[in-house]
>>> print(open('data_27.cif').read())   # mmCIF, C-alpha atoms
data_model
#
loop_
_atom_site.label_atom_id
_atom_site.label_comp_id
_atom_site.auth_asym_id
_atom_site.auth_seq_id
_atom_site.Cartn_x
_atom_site.Cartn_y
_atom_site.Cartn_z
CA MET Q 206 95.03 -10.71 -61.67
CA THR Q 207 92.22 -9.38 -59.45
CA PHE Q 208 90.20 -6.28 -60.20
CA PHE Q 209 92.02 -4.31 -57.50
CA GLU Q 210 95.42 -5.53 -58.73
CA LYS Q 211 94.60 -4.12 -62.17
CA ILE Q 212 93.78 -0.74 -60.60
CA CYS Q 213 97.00 -0.66 -58.61
CA THR Q 214 99.08 -1.82 -61.57
CA ALA Q 215 97.73 1.13 -63.52
CA LEU Q 216 99.03 3.64 -60.93
CA PRO Q 217 102.39 5.02 -62.16
CA GLY Q 218 105.22 4.25 -59.76
CA PHE Q 219 102.94 2.67 -57.15
CA SER Q 220 104.78 0.40 -54.72
CA PRO Q 221 102.65 -1.08 -51.91
CA PRO Q 222 104.25 -0.31 -48.53
CA CYS Q 223 104.13 -2.49 -45.43
CA GLY Q 224 100.58 -3.12 -44.21
CA TYR Q 225 99.11 -3.64 -47.65
CA ASN Q 226 97.45 -6.83 -48.78
CA SER Q 227 98.35 -9.02 -51.75
CA ALA Q 228 96.13 -6.92 -54.02
CA GLY Q 229 98.28 -3.86 -53.38
CA LEU Q 230 95.71 -2.09 -51.18
CA PRO Q 231 95.62 -1.13 -47.50
CA ALA Q 232 95.00 -4.26 -45.45
CA ILE Q 233 91.52 -3.08 -44.44
CA PHE Q 234 90.34 -3.74 -48.01
CA GLN Q 235 89.34 -7.34 -48.56
CA PRO Q 236 90.53 -8.74 -51.93
CA GLN Q 237 87.67 -10.27 -53.86
CA SER Q 238 86.93 -11.39 -57.36
CA PRO Q 239 85.63 -8.91 -59.96
CA GLY Q 240 82.31 -10.74 -59.95
CA SER Q 241 81.73 -10.37 -56.23
CA LEU Q 242 82.70 -6.68 -56.31
CA LEU Q 243 80.28 -6.01 -59.13
CA SER Q 244 77.62 -7.84 -57.14
CA ASN Q 245 78.18 -5.36 -54.32
CA LEU Q 246 77.83 -2.48 -56.75
CA ASN Q 247 74.60 -3.78 -58.25
CA ASP Q 248 73.02 -3.19 -54.85
CA LEU Q 249 74.20 0.41 -55.02
CA SER Q 250 72.73 1.26 -58.39
CA PHE Q 251 73.73 4.91 -58.53
CA TRP Q 252 77.42 3.99 -58.48
CA ASN Q 253 77.00 2.44 -61.92
CA LYS Q 254 75.78 5.70 -63.49
CA GLU Q 255 78.18 7.88 -65.41
CA ASN Q 256 79.04 11.42 -64.31
CA THR Q 257 77.26 11.21 -60.96
CA LEU Q 258 80.26 11.58 -58.68
CA THR Q 259 83.08 14.07 -58.53
CA GLU Q 260 85.39 11.05 -58.19
CA ARG Q 261 84.77 7.62 -59.65
CA TRP Q 262 83.95 5.01 -57.02
CA ASP Q 263 87.04 2.99 -57.97
CA ASN Q 264 89.33 5.91 -57.04
CA PHE Q 265 88.51 5.38 -53.37
CA PRO Q 266 91.24 2.74 -52.78
CA ARG Q 267 93.72 4.97 -54.58
CA PHE Q 268 92.75 7.85 -52.26
CA ILE Q 269 93.23 5.63 -49.20
CA ALA Q 270 96.64 4.57 -50.48
CA SER Q 271 97.71 8.17 -51.09
CA MET Q 272 96.89 9.17 -47.49
CA GLN Q 273 99.06 6.51 -45.85
CA GLY Q 274 101.74 7.90 -43.54
CA LYS Q 275 100.21 11.40 -43.38
CA ARG Q 276 99.13 13.20 -40.21
CA LEU Q 277 95.44 13.62 -41.00
CA LEU Q 278 92.71 15.91 -39.70
CA HIS Q 279 89.09 14.85 -40.26
CA LEU Q 280 87.17 18.13 -40.05
CA GLY Q 281 83.40 18.62 -39.89
CA HIS Q 282 81.44 21.85 -40.22
CA LYS Q 283 81.20 24.24 -37.29
CA ASP Q 284 78.69 23.28 -34.60
CA ALA Q 285 79.01 19.74 -35.92
CA ASP Q 286 75.97 17.45 -36.01
CA CYS Q 287 75.83 13.66 -36.00
CA ASP Q 288 76.28 13.45 -39.76
CA ALA Q 289 79.51 15.46 -39.78
CA LEU Q 290 80.84 13.71 -36.69
CA GLY Q 291 79.72 10.23 -37.75
CA SER Q 292 81.29 10.60 -41.20
CA ALA Q 293 84.54 11.94 -39.75
CA TYR Q 294 84.75 9.20 -37.12
CA ALA Q 295 83.97 6.35 -39.53
CA LEU Q 296 86.59 7.42 -42.07
CA SER Q 297 89.11 8.03 -39.26
CA ARG Q 298 88.83 4.32 -38.49
CA VAL Q 299 90.05 3.60 -42.04
CA LEU Q 300 92.44 6.54 -42.23
CA PRO Q 301 93.58 7.22 -38.64
CA GLY Q 302 93.76 10.87 -37.69
CA ALA Q 303 92.34 13.56 -35.43
CA VAL Q 304 88.62 14.40 -35.57
CA GLY Q 305 87.69 18.03 -35.08
CA CYS Q 306 85.36 20.94 -35.73
CA ALA Q 307 84.96 24.62 -34.87
CA ALA Q 308 82.53 26.13 -32.38
CA GLY Q 309 81.63 22.93 -30.55
CA LEU Q 310 79.15 20.12 -31.13
CA LYS Q 311 75.40 19.87 -31.20
CA ASP Q 312 74.02 18.09 -28.12
CA ASN Q 313 73.26 14.82 -29.91
CA ALA Q 314 76.71 14.84 -31.55
CA ARG Q 315 78.25 15.39 -28.12
CA ASP Q 316 76.31 12.36 -26.84
CA LEU Q 317 77.56 10.35 -29.81
CA ALA Q 318 81.18 11.39 -29.22
CA ALA Q 319 80.92 10.39 -25.55
CA TRP Q 320 79.57 6.94 -26.47
CA LEU Q 321 82.31 6.47 -29.05
CA ASP Q 322 84.90 7.59 -26.48
CA LEU Q 323 86.05 10.05 -29.12
CA ASP Q 324 88.22 13.04 -28.22
CA VAL Q 325 86.96 15.76 -30.58
CA HIS Q 326 89.49 18.52 -31.21
CA LEU Q 327 87.72 21.88 -31.02
CA ASP Q 328 89.03 24.69 -33.24
CA PRO Q 329 92.02 22.69 -34.50
CA ASP Q 330 94.68 24.25 -36.71
CA PRO Q 331 94.76 22.45 -40.10
CA ALA Q 332 98.31 23.79 -40.63
CA ALA Q 333 99.47 21.46 -37.86
CA TYR Q 334 98.54 18.44 -40.02
CA ASP Q 335 99.78 17.09 -43.32
CA TYR Q 336 96.33 16.89 -44.88
CA THR Q 337 92.70 17.75 -44.09
CA ILE Q 338 89.63 15.72 -45.00
CA LEU Q 339 86.38 17.73 -44.91
CA HIS Q 340 83.09 16.05 -44.00
CA ASP Q 341 79.49 17.19 -44.58
CA LEU Q 342 80.58 20.67 -45.63
CA LEU Q 343 78.59 22.73 -48.12
CA LYS Q 344 80.57 25.98 -48.34
CA PRO Q 345 83.64 27.63 -46.79
CA ASP Q 346 81.86 29.88 -44.27
CA LEU Q 347 80.28 26.84 -42.60
CA LEU Q 348 83.73 25.57 -41.62
CA GLY Q 349 84.20 28.22 -38.94
CA MET Q 350 87.88 28.72 -39.79
CA PRO Q 351 90.01 29.48 -42.86
CA LEU Q 352 89.72 26.83 -45.56
CA PRO Q 353 92.80 24.56 -45.73
CA ARG Q 354 94.95 25.00 -48.83
CA ARG Q 355 94.76 21.28 -49.69
CA TYR Q 356 91.82 19.09 -48.80
CA ALA Q 357 89.65 16.11 -49.69
CA LEU Q 358 85.86 16.30 -49.43
CA PHE Q 359 83.02 13.91 -48.58
CA ASP Q 360 79.61 15.58 -48.79
CA HIS Q 361 75.96 15.11 -49.81
CA HIS Q 362 74.89 18.67 -50.65
CA GLU Q 363 74.24 18.59 -54.37
CA PRO Q 364 71.11 19.25 -56.45
CA GLY Q 365 68.91 16.29 -57.34
CA GLY Q 366 68.28 12.92 -55.79
CA HIS Q 367 65.66 11.98 -53.23
CA ARG Q 368 66.58 14.98 -51.07
CA ASN Q 369 65.26 17.30 -53.81
CA SER Q 370 68.01 19.68 -52.81
CA SER Q 371 68.72 22.99 -54.50
CA LEU Q 372 72.05 23.27 -52.66
CA ARG Q 373 75.20 23.03 -54.74
CA ASN Q 374 78.48 22.25 -53.05
CA GLY Q 375 80.89 25.17 -53.27
CA LEU Q 376 84.03 23.26 -52.27
CA SER Q 377 84.30 20.33 -54.66
CA GLU Q 378 85.80 22.37 -57.51
CA HIS Q 379 88.98 23.12 -55.56
CA ALA Q 380 89.26 19.80 -53.68
CA GLU Q 381 92.10 17.45 -54.61
CA TRP Q 382 89.76 14.53 -53.96
CA ALA Q 383 85.99 14.89 -53.71
CA TRP Q 384 83.05 12.53 -53.43
CA VAL Q 385 79.83 14.54 -53.56
CA ARG Q 386 76.46 12.90 -54.20
CA PRO Q 387 72.86 14.05 -53.44
CA LEU Q 388 72.11 11.45 -50.78
CA GLU Q 389 70.26 11.82 -47.50
CA SER Q 390 73.49 12.19 -45.50
CA SER Q 391 77.28 12.21 -45.78
CA CYS Q 392 77.26 9.03 -43.71
CA SER Q 393 75.20 7.40 -46.47
CA LEU Q 394 77.95 8.23 -48.94
CA LEU Q 395 80.53 6.50 -46.75
CA ILE Q 396 78.26 3.49 -46.19
CA ASP Q 397 78.10 2.99 -49.95
CA LEU Q 398 81.83 3.52 -50.46
CA PHE Q 399 82.73 1.14 -47.62
CA GLN Q 400 80.38 -1.58 -48.79
CA ALA Q 401 81.33 -1.24 -52.45
CA HIS Q 402 84.95 -1.89 -51.44
CA ALA Q 403 84.28 -4.45 -48.67
CA VAL Q 404 85.61 -2.24 -45.88
CA PRO Q 405 84.59 -3.89 -42.58
CA ILE Q 406 82.10 -1.85 -40.51
CA ASP Q 407 82.28 -2.72 -36.81
CA ARG Q 408 79.77 -1.84 -34.08
CA LYS Q 409 81.13 1.64 -33.31
CA MET Q 410 81.39 2.56 -36.98
CA ALA Q 411 77.83 1.31 -37.52
CA VAL Q 412 76.51 3.47 -34.66
CA ALA Q 413 78.33 6.55 -35.97
CA LEU Q 414 77.12 6.06 -39.55
CA ALA Q 415 73.57 5.24 -38.46
CA ALA Q 416 73.45 8.32 -36.22
CA GLY Q 417 74.28 10.57 -39.18
CA LEU Q 418 71.69 8.92 -41.42
CA LEU Q 419 68.98 8.97 -38.74
CA THR Q 420 69.36 12.62 -37.79
CA ASP Q 421 69.64 13.88 -41.37
CA THR Q 422 66.40 12.12 -42.31
CA GLY Q 423 64.47 13.55 -39.34
CA TYR Q 424 64.76 10.22 -37.49
CA LEU Q 425 63.60 8.41 -40.65
CA SER Q 426 60.57 10.66 -41.23
CA ARG Q 427 62.08 11.61 -44.62
CA ALA Q 428 63.80 8.29 -45.31
CA HIS Q 429 63.12 6.47 -48.57
CA GLY Q 430 63.80 2.86 -49.54
CA PRO Q 431 67.56 3.13 -50.26
CA ALA Q 432 68.13 4.95 -46.96
CA LEU Q 433 66.33 2.22 -45.02
CA ARG Q 434 68.30 -0.46 -46.86
CA ARG Q 435 71.58 1.28 -46.03
CA LEU Q 436 70.58 1.35 -42.38
CA GLY Q 437 69.73 -2.33 -42.40
CA ARG Q 438 72.98 -3.29 -44.09
CA ILE Q 439 75.10 -1.72 -41.34
CA LEU Q 440 72.97 -2.47 -38.26
CA GLU Q 441 71.98 -6.10 -38.84
CA PRO Q 442 75.52 -7.56 -39.11
CA VAL Q 443 76.50 -6.06 -35.72
CA GLY Q 444 73.22 -6.96 -33.98
CA LEU Q 445 71.91 -3.41 -33.48
CA TYR Q 446 68.41 -1.97 -33.67
CA VAL Q 447 67.46 1.60 -34.55
CA GLU Q 448 66.33 2.09 -30.94
CA ASP Q 449 69.88 1.26 -29.77
CA VAL Q 450 71.24 4.19 -31.76
CA LEU Q 451 68.41 6.50 -30.72
CA ALA Q 452 69.13 5.72 -27.08
CA ILE Q 453 72.60 7.22 -27.64
CA ILE Q 454 71.78 10.32 -29.65
CA ALA Q 455 68.36 11.17 -28.19
CA GLY Q 456 69.07 10.19 -24.61
CA PRO Q 457 67.28 11.40 -21.48
CA ALA Q 458 70.16 13.68 -20.44
CA ARG Q 459 69.87 15.77 -23.61
CA ARG Q 460 66.11 15.94 -23.42
CA ALA Q 461 66.21 16.91 -19.74
CA SER Q 462 68.57 19.81 -20.43
CA ALA Q 463 66.20 21.23 -23.04
CA ARG Q 464 62.96 20.37 -21.24
CA PRO Q 465 62.06 23.77 -19.67
CA SER Q 466 62.56 25.70 -22.90
CA VAL Q 467 60.88 23.06 -25.06
CA LEU Q 468 57.88 22.80 -22.72
CA ALA Q 469 57.49 26.58 -22.74
CA ALA Q 470 57.58 26.56 -26.55
CA LEU Q 471 55.05 23.72 -26.68
CA HIS Q 472 52.76 25.61 -24.28
CA ASN Q 473 52.70 28.50 -26.78
CA LEU Q 474 52.57 26.26 -29.86
CA ARG Q 475 49.93 27.36 -32.33
CA GLU Q 476 48.43 25.69 -35.37
CA HIS Q 477 47.89 27.37 -38.70
CA PRO Q 478 45.50 25.19 -40.77
CA CYS Q 479 45.94 25.28 -44.53
CA ARG Q 480 43.84 23.12 -46.84
CA ASP Q 481 44.43 19.51 -45.79
CA TRP Q 482 47.71 20.33 -44.05
CA ASN Q 483 48.61 21.76 -40.68
CA ILE Q 484 51.46 24.18 -39.95
CA LEU Q 485 52.75 24.14 -36.37
CA VAL Q 486 54.41 27.37 -35.25
CA ALA Q 487 56.60 27.98 -32.20
CA GLN Q 488 59.34 30.22 -30.83
CA THR Q 489 62.13 29.24 -28.49
CA ASP Q 490 65.21 30.82 -26.95
CA THR Q 491 68.17 29.00 -28.52
CA ARG Q 492 69.17 27.24 -31.71
CA GLU Q 493 69.73 23.92 -29.89
CA HIS Q 494 66.30 23.99 -28.28
CA ALA Q 495 64.74 24.88 -31.63
CA PHE Q 496 66.18 21.78 -33.29
CA THR Q 497 65.20 19.59 -30.32
CA LEU Q 498 61.65 20.90 -30.69
CA LEU Q 499 61.81 20.37 -34.44
CA ASP Q 500 62.81 16.72 -33.88
CA LEU Q 501 59.93 16.17 -31.45
CA LEU Q 502 57.30 17.68 -33.74
CA THR Q 503 58.63 15.73 -36.72
CA GLN Q 504 58.43 12.48 -34.77
CA LEU Q 505 54.83 13.33 -33.83
CA GLY Q 506 54.00 13.42 -37.54
CA SER Q 507 53.12 17.09 -38.07
CA ASP Q 508 52.92 18.28 -41.67
CA VAL Q 509 54.96 21.50 -41.49
CA ASN Q 510 56.94 22.91 -38.56
CA VAL Q 511 58.13 26.53 -38.35
CA ILE Q 512 60.27 27.56 -35.38
CA GLY Q 513 61.87 30.94 -34.76
CA PHE Q 514 64.61 31.92 -32.32
CA PRO Q 515 67.16 34.70 -31.80
CA GLN Q 516 70.50 34.46 -33.62
CA GLY Q 517 72.57 37.32 -32.24
CA ALA Q 518 70.90 40.55 -33.33
CA HIS Q 519 68.92 38.71 -36.02
CA ALA Q 520 66.12 36.18 -36.10
CA MET Q 521 66.62 32.68 -37.45
CA VAL Q 522 63.63 30.62 -38.58
CA VAL Q 523 63.86 26.93 -39.40
CA SER Q 524 61.13 25.08 -41.25
CA GLU Q 525 60.63 21.45 -42.12
CA CYS Q 526 57.88 19.47 -43.85
CA ARG Q 527 56.93 15.89 -44.52
CA GLN Q 528 58.13 14.49 -47.83
CA ALA Q 529 54.50 14.06 -48.89
CA LEU Q 530 54.11 17.83 -49.16
CA VAL Q 531 57.06 17.98 -51.54
CA ASP Q 532 55.72 15.12 -53.66
CA GLN Q 533 52.00 15.91 -53.57
CA ALA Q 534 51.79 19.67 -53.04
CA GLY Q 535 55.03 20.70 -54.74
CA LEU Q 536 56.30 22.52 -51.65
CA ASP Q 537 59.85 23.89 -51.89
CA LEU Q 538 60.91 25.37 -48.56
CA ALA Q 539 64.40 26.35 -49.76
CA GLY Q 540 62.89 28.24 -52.70
CA LEU Q 541 60.34 29.98 -50.48
CA MET Q 542 63.01 31.08 -48.00
CA ALA Q 543 65.23 32.35 -50.81
CA HIS Q 544 62.34 34.39 -52.27
CA LEU Q 545 61.39 35.76 -48.85
CA GLY Q 546 65.01 36.55 -48.12
CA GLN Q 547 65.18 38.95 -51.07
CA SER Q 548 62.33 41.05 -49.65
CA VAL Q 549 63.67 41.26 -46.08
CA ALA Q 550 67.41 41.68 -46.80
CA ALA Q 551 68.12 38.30 -45.24
CA GLN Q 552 71.66 37.62 -44.09
CA GLU Q 553 71.40 34.02 -45.27
CA THR Q 554 68.91 31.50 -46.64
CA TRP Q 555 69.43 27.88 -47.52
CA GLY Q 556 67.84 24.45 -47.43
CA THR Q 557 66.27 21.67 -49.46
CA ARG Q 558 62.72 21.30 -50.71
CA SER Q 559 61.71 19.73 -47.37
CA GLN Q 560 63.85 21.98 -45.14
CA GLY Q 561 64.36 25.74 -45.13
CA ARG Q 562 66.26 28.26 -43.03
CA ILE Q 563 66.49 32.03 -43.02
CA ILE Q 564 68.44 34.54 -40.94
CA ALA Q 565 66.94 38.04 -41.17
CA PRO Q 566 67.34 41.43 -39.42
CA LEU Q 567 63.84 41.26 -37.93
CA PRO Q 568 62.19 40.53 -34.57
CA VAL Q 569 61.75 36.77 -34.09
CA ALA Q 570 57.94 36.95 -34.06
CA GLN Q 571 57.81 38.95 -37.31
CA ALA Q 572 60.30 36.73 -39.13
CA THR Q 573 58.46 33.59 -37.99
CA GLN Q 574 55.09 34.93 -39.15
CA LEU Q 575 56.46 35.93 -42.56
CA CYS Q 576 57.73 32.37 -43.04
CA VAL Q 577 54.35 30.92 -42.03
CA ASP Q 578 52.51 33.24 -44.42
CA SER Q 579 54.85 32.34 -47.27
CA ILE Q 580 54.38 28.59 -46.72
CA ALA Q 581 50.62 28.89 -46.29
CA GLN Q 582 50.30 30.87 -49.52
CA ALA Q 583 52.31 28.24 -51.40
CA LEU Q 584 50.12 25.44 -50.07
CA ALA Q 585 46.93 27.35 -50.87
CA ASN Q 586 47.86 27.75 -54.56
#
>>> encode(input="data_27.cif", output="structure tokens")
Amino acid sequence: MTFFEKICTALPGFSPPCGYNSAGLPAIFQPQSPGSLLSNLNDLSFWNKENTLTERWDNFPRFIASMQGKRLLHLGHKDADCDALGSAYALSRVLPGAVGCAAGLKDNARDLAAWLDLDVHLDPDPAAYDYTILHDLLKPDLLGMPLPRRYALFDHHEPGGHRNSSLRNGLSEHAEWAWVRPLESSCSLLIDLFQAHAVPIDRKMAVALAAGLLTDTGYLSRAHGPALRRLGRILEPVGLYVEDVLAIIAGPARRASARPSVLAALHNLREHPCRDWNILVAQTDTREHAFTLLDLLTQLGSDVNVIGFPQGAHAMVVSECRQALVDQAGLDLAGLMAHLGQSVAAQETWGTRSQGRIIAPLPVAQATQLCVDSIAQALAN
């Protein structure tokens, strides 16, 4: 009896329907000996640790089996990025269903959806489906719609790990199924699950998963060894290079649309020296242009970037630093933004040690300067 057969035999009343392989699993899973499966898992060392996942890794096939025959909705957070969209698309290839989000897509996610030929359902109604699978979602208000009564969850917002995140997922407790692990992206979580269970990853799935990993690591500026190995394991078998994925999600059309605003922000870019580090400060007119500018400055290798822009009647400031400042200088942008938020009655603060965001009832210039001063003081100590 194979390893997977033992799992399926242990499920009370389980009877494999049509389309399942001889091991009693959906046909997409490739039966293999216990030895070869464990060899896969040895490459993914964290899966062998106890109490590190909301669900055990070996419950993944059982989850897939339980979803068969259901009308599924794969739902990312509002204003979905490449990580939410890539995760939703990749799992929808294993568990067919609609892919959707509220409030539209970020520009690079829209480029990715176009390349995938994916029809993204905007503002879908979860009640119209049998079951909802949430992707890359930290807390209910980031969904942009009422939380479904029943849902499964795939997410990477959890304290610990290389991301040095202080964010704790607020949805896993009430999920019927949940895989939450402090990785660099939700797509990384699916890469590991797919490869641990020998789920084939074709060219489109590889592009979607790579896009999520690339964008959530600042185009690899914050990537560590395991992230790079994950990327290699999905791109090499399908003959892709990183530049092939970047050509899709950072294409000339997107850059051209943001060019006037980004150039204006760059023209007014100022540098705030602090010890051996430099803080680059800018203001722009929209959230999308701010993140485009953030990507550009990160790729240029700046130490810390602080960018402010209007968010309705408030100011939003995003900050990002190189991983070296976290490791060597002990910088914690999420902590700094949370502390600052208490003194300015911020509407919201969140982030990781290398990324911070704050929304405050202040003029953009004042909010931006307060963030710069807070970061500079932390680096000076």
>>> residues_around(input="data_27.cif", residues="Q:Met272", least_positions_apart="6", cutoff="10 Å", atoms="all atoms listed in the file", output="count of residues only")
4
>>> resolve_selection(input="data_27.cif", expression="the PyMOL selection byres ((chain Q and resi 495-501) around 8)", output="list in words")
Gly423, Tyr424, Arg460, Ala463, Val467, Gln488, Thr489, Asp490, Thr491, Arg492, Glu493, His494, Leu502, Thr503, Gln504, Leu505, Asn510, Ile512, Gly513, Phe514 and Glu525 of chain Q
>>> resolve_selection(input="data_27.cif", expression="the PyMOL selection byres ((chain Q and resi 575) around 12)", output="ChimeraX atom specification")
/Q:486,511-513,520-522,524,541-542,544-546,548-549,563,565,567-574,576-582
>>> atom_distance(input="data_27.cif", atom1="atom CA of Q:Ala416", atom2="atom CA of Q:Leu474")
28.3 Å
>>> residues_around(input="data_27.cif", residues="stretch 316-328 of chain Q", least_positions_apart="2", cutoff="10 Å", atoms="all atoms listed in the file", output="mmCIF file with C-alpha atoms, keeping the file's coordinate frame")
data_model
loop_
_atom_site.group_PDB
_atom_site.id
_atom_site.type_symbol
_atom_site.label_atom_id
_atom_site.label_comp_id
_atom_site.auth_asym_id
_atom_site.auth_seq_id
_atom_site.Cartn_x
_atom_site.Cartn_y
_atom_site.Cartn_z
ATOM 1 C CA LEU Q 278 92.710 15.910 -39.700
ATOM 2 C CA HIS Q 279 89.090 14.850 -40.260
ATOM 3 C CA LEU Q 280 87.170 18.130 -40.050
ATOM 4 C CA LYS Q 283 81.200 24.240 -37.290
ATOM 5 C CA ASP Q 284 78.690 23.280 -34.600
ATOM 6 C CA ASP Q 286 75.970 17.450 -36.010
ATOM 7 C CA CYS Q 287 75.830 13.660 -36.000
ATOM 8 C CA LEU Q 290 80.840 13.710 -36.690
ATOM 9 C CA GLY Q 291 79.720 10.230 -37.750
ATOM 10 C CA TYR Q 294 84.750 9.200 -37.120
ATOM 11 C CA ALA Q 303 92.340 13.560 -35.430
ATOM 12 C CA VAL Q 304 88.620 14.400 -35.570
ATOM 13 C CA GLY Q 305 87.690 18.030 -35.080
ATOM 14 C CA CYS Q 306 85.360 20.940 -35.730
ATOM 15 C CA ALA Q 307 84.960 24.620 -34.870
ATOM 16 C CA ALA Q 308 82.530 26.130 -32.380
ATOM 17 C CA GLY Q 309 81.630 22.930 -30.550
ATOM 18 C CA LEU Q 310 79.150 20.120 -31.130
ATOM 19 C CA LYS Q 311 75.400 19.870 -31.200
ATOM 20 C CA ASP Q 312 74.020 18.090 -28.120
ATOM 21 C CA ASN Q 313 73.260 14.820 -29.910
ATOM 22 C CA ALA Q 314 76.710 14.840 -31.550
ATOM 23 C CA ASP Q 330 94.680 24.250 -36.710
ATOM 24 C CA PRO Q 331 94.760 22.450 -40.100
ATOM 25 C CA LEU Q 348 83.730 25.570 -41.620
ATOM 26 C CA GLY Q 349 84.200 28.220 -38.940
ATOM 27 C CA MET Q 350 87.880 28.720 -39.790
ATOM 28 C CA LYS Q 409 81.130 1.640 -33.310
ATOM 29 C CA MET Q 410 81.390 2.560 -36.980
ATOM 30 C CA VAL Q 412 76.510 3.470 -34.660
ATOM 31 C CA ALA Q 413 78.330 6.550 -35.970
ATOM 32 C CA ALA Q 416 73.450 8.320 -36.220
ATOM 33 C CA GLY Q 417 74.280 10.570 -39.180
ATOM 34 C CA VAL Q 450 71.240 4.190 -31.760
ATOM 35 C CA LEU Q 451 68.410 6.500 -30.720
ATOM 36 C CA ALA Q 452 69.130 5.720 -27.080
ATOM 37 C CA ILE Q 453 72.600 7.220 -27.640
ATOM 38 C CA ILE Q 454 71.780 10.320 -29.650
ATOM 39 C CA ALA Q 455 68.360 11.170 -28.190
ATOM 40 C CA GLY Q 456 69.070 10.190 -24.610
ATOM 41 C CA ALA Q 458 70.160 13.680 -20.440
ATOM 42 C CA ARG Q 459 69.870 15.770 -23.610
#
>>> atom_distance(input="data_27.cif", atom1="atom CA of Q:Ile439", atom2="atom CA of Q:Leu358")
22.5 Å
>>> closest_residue(input="data_27.cif", among="Q:Gly535, Q:Gly444, Q:Ala529, Q:Ile484", to="Q:His429", atoms="only C-alpha atoms")
Q:Ala529
>>> atom_distance(input="data_27.cif", atom1="atom CA of Q:Val385", atom2="atom CA of Q:Ala357")
10.7 Å
>>> resolve_selection(input="data_27.cif", expression="the PyMOL selection byres ((chain Q and resi 340) around 6)", output="MDAnalysis selection string")
chainID Q and resid 281 289 339 341:342 359:360
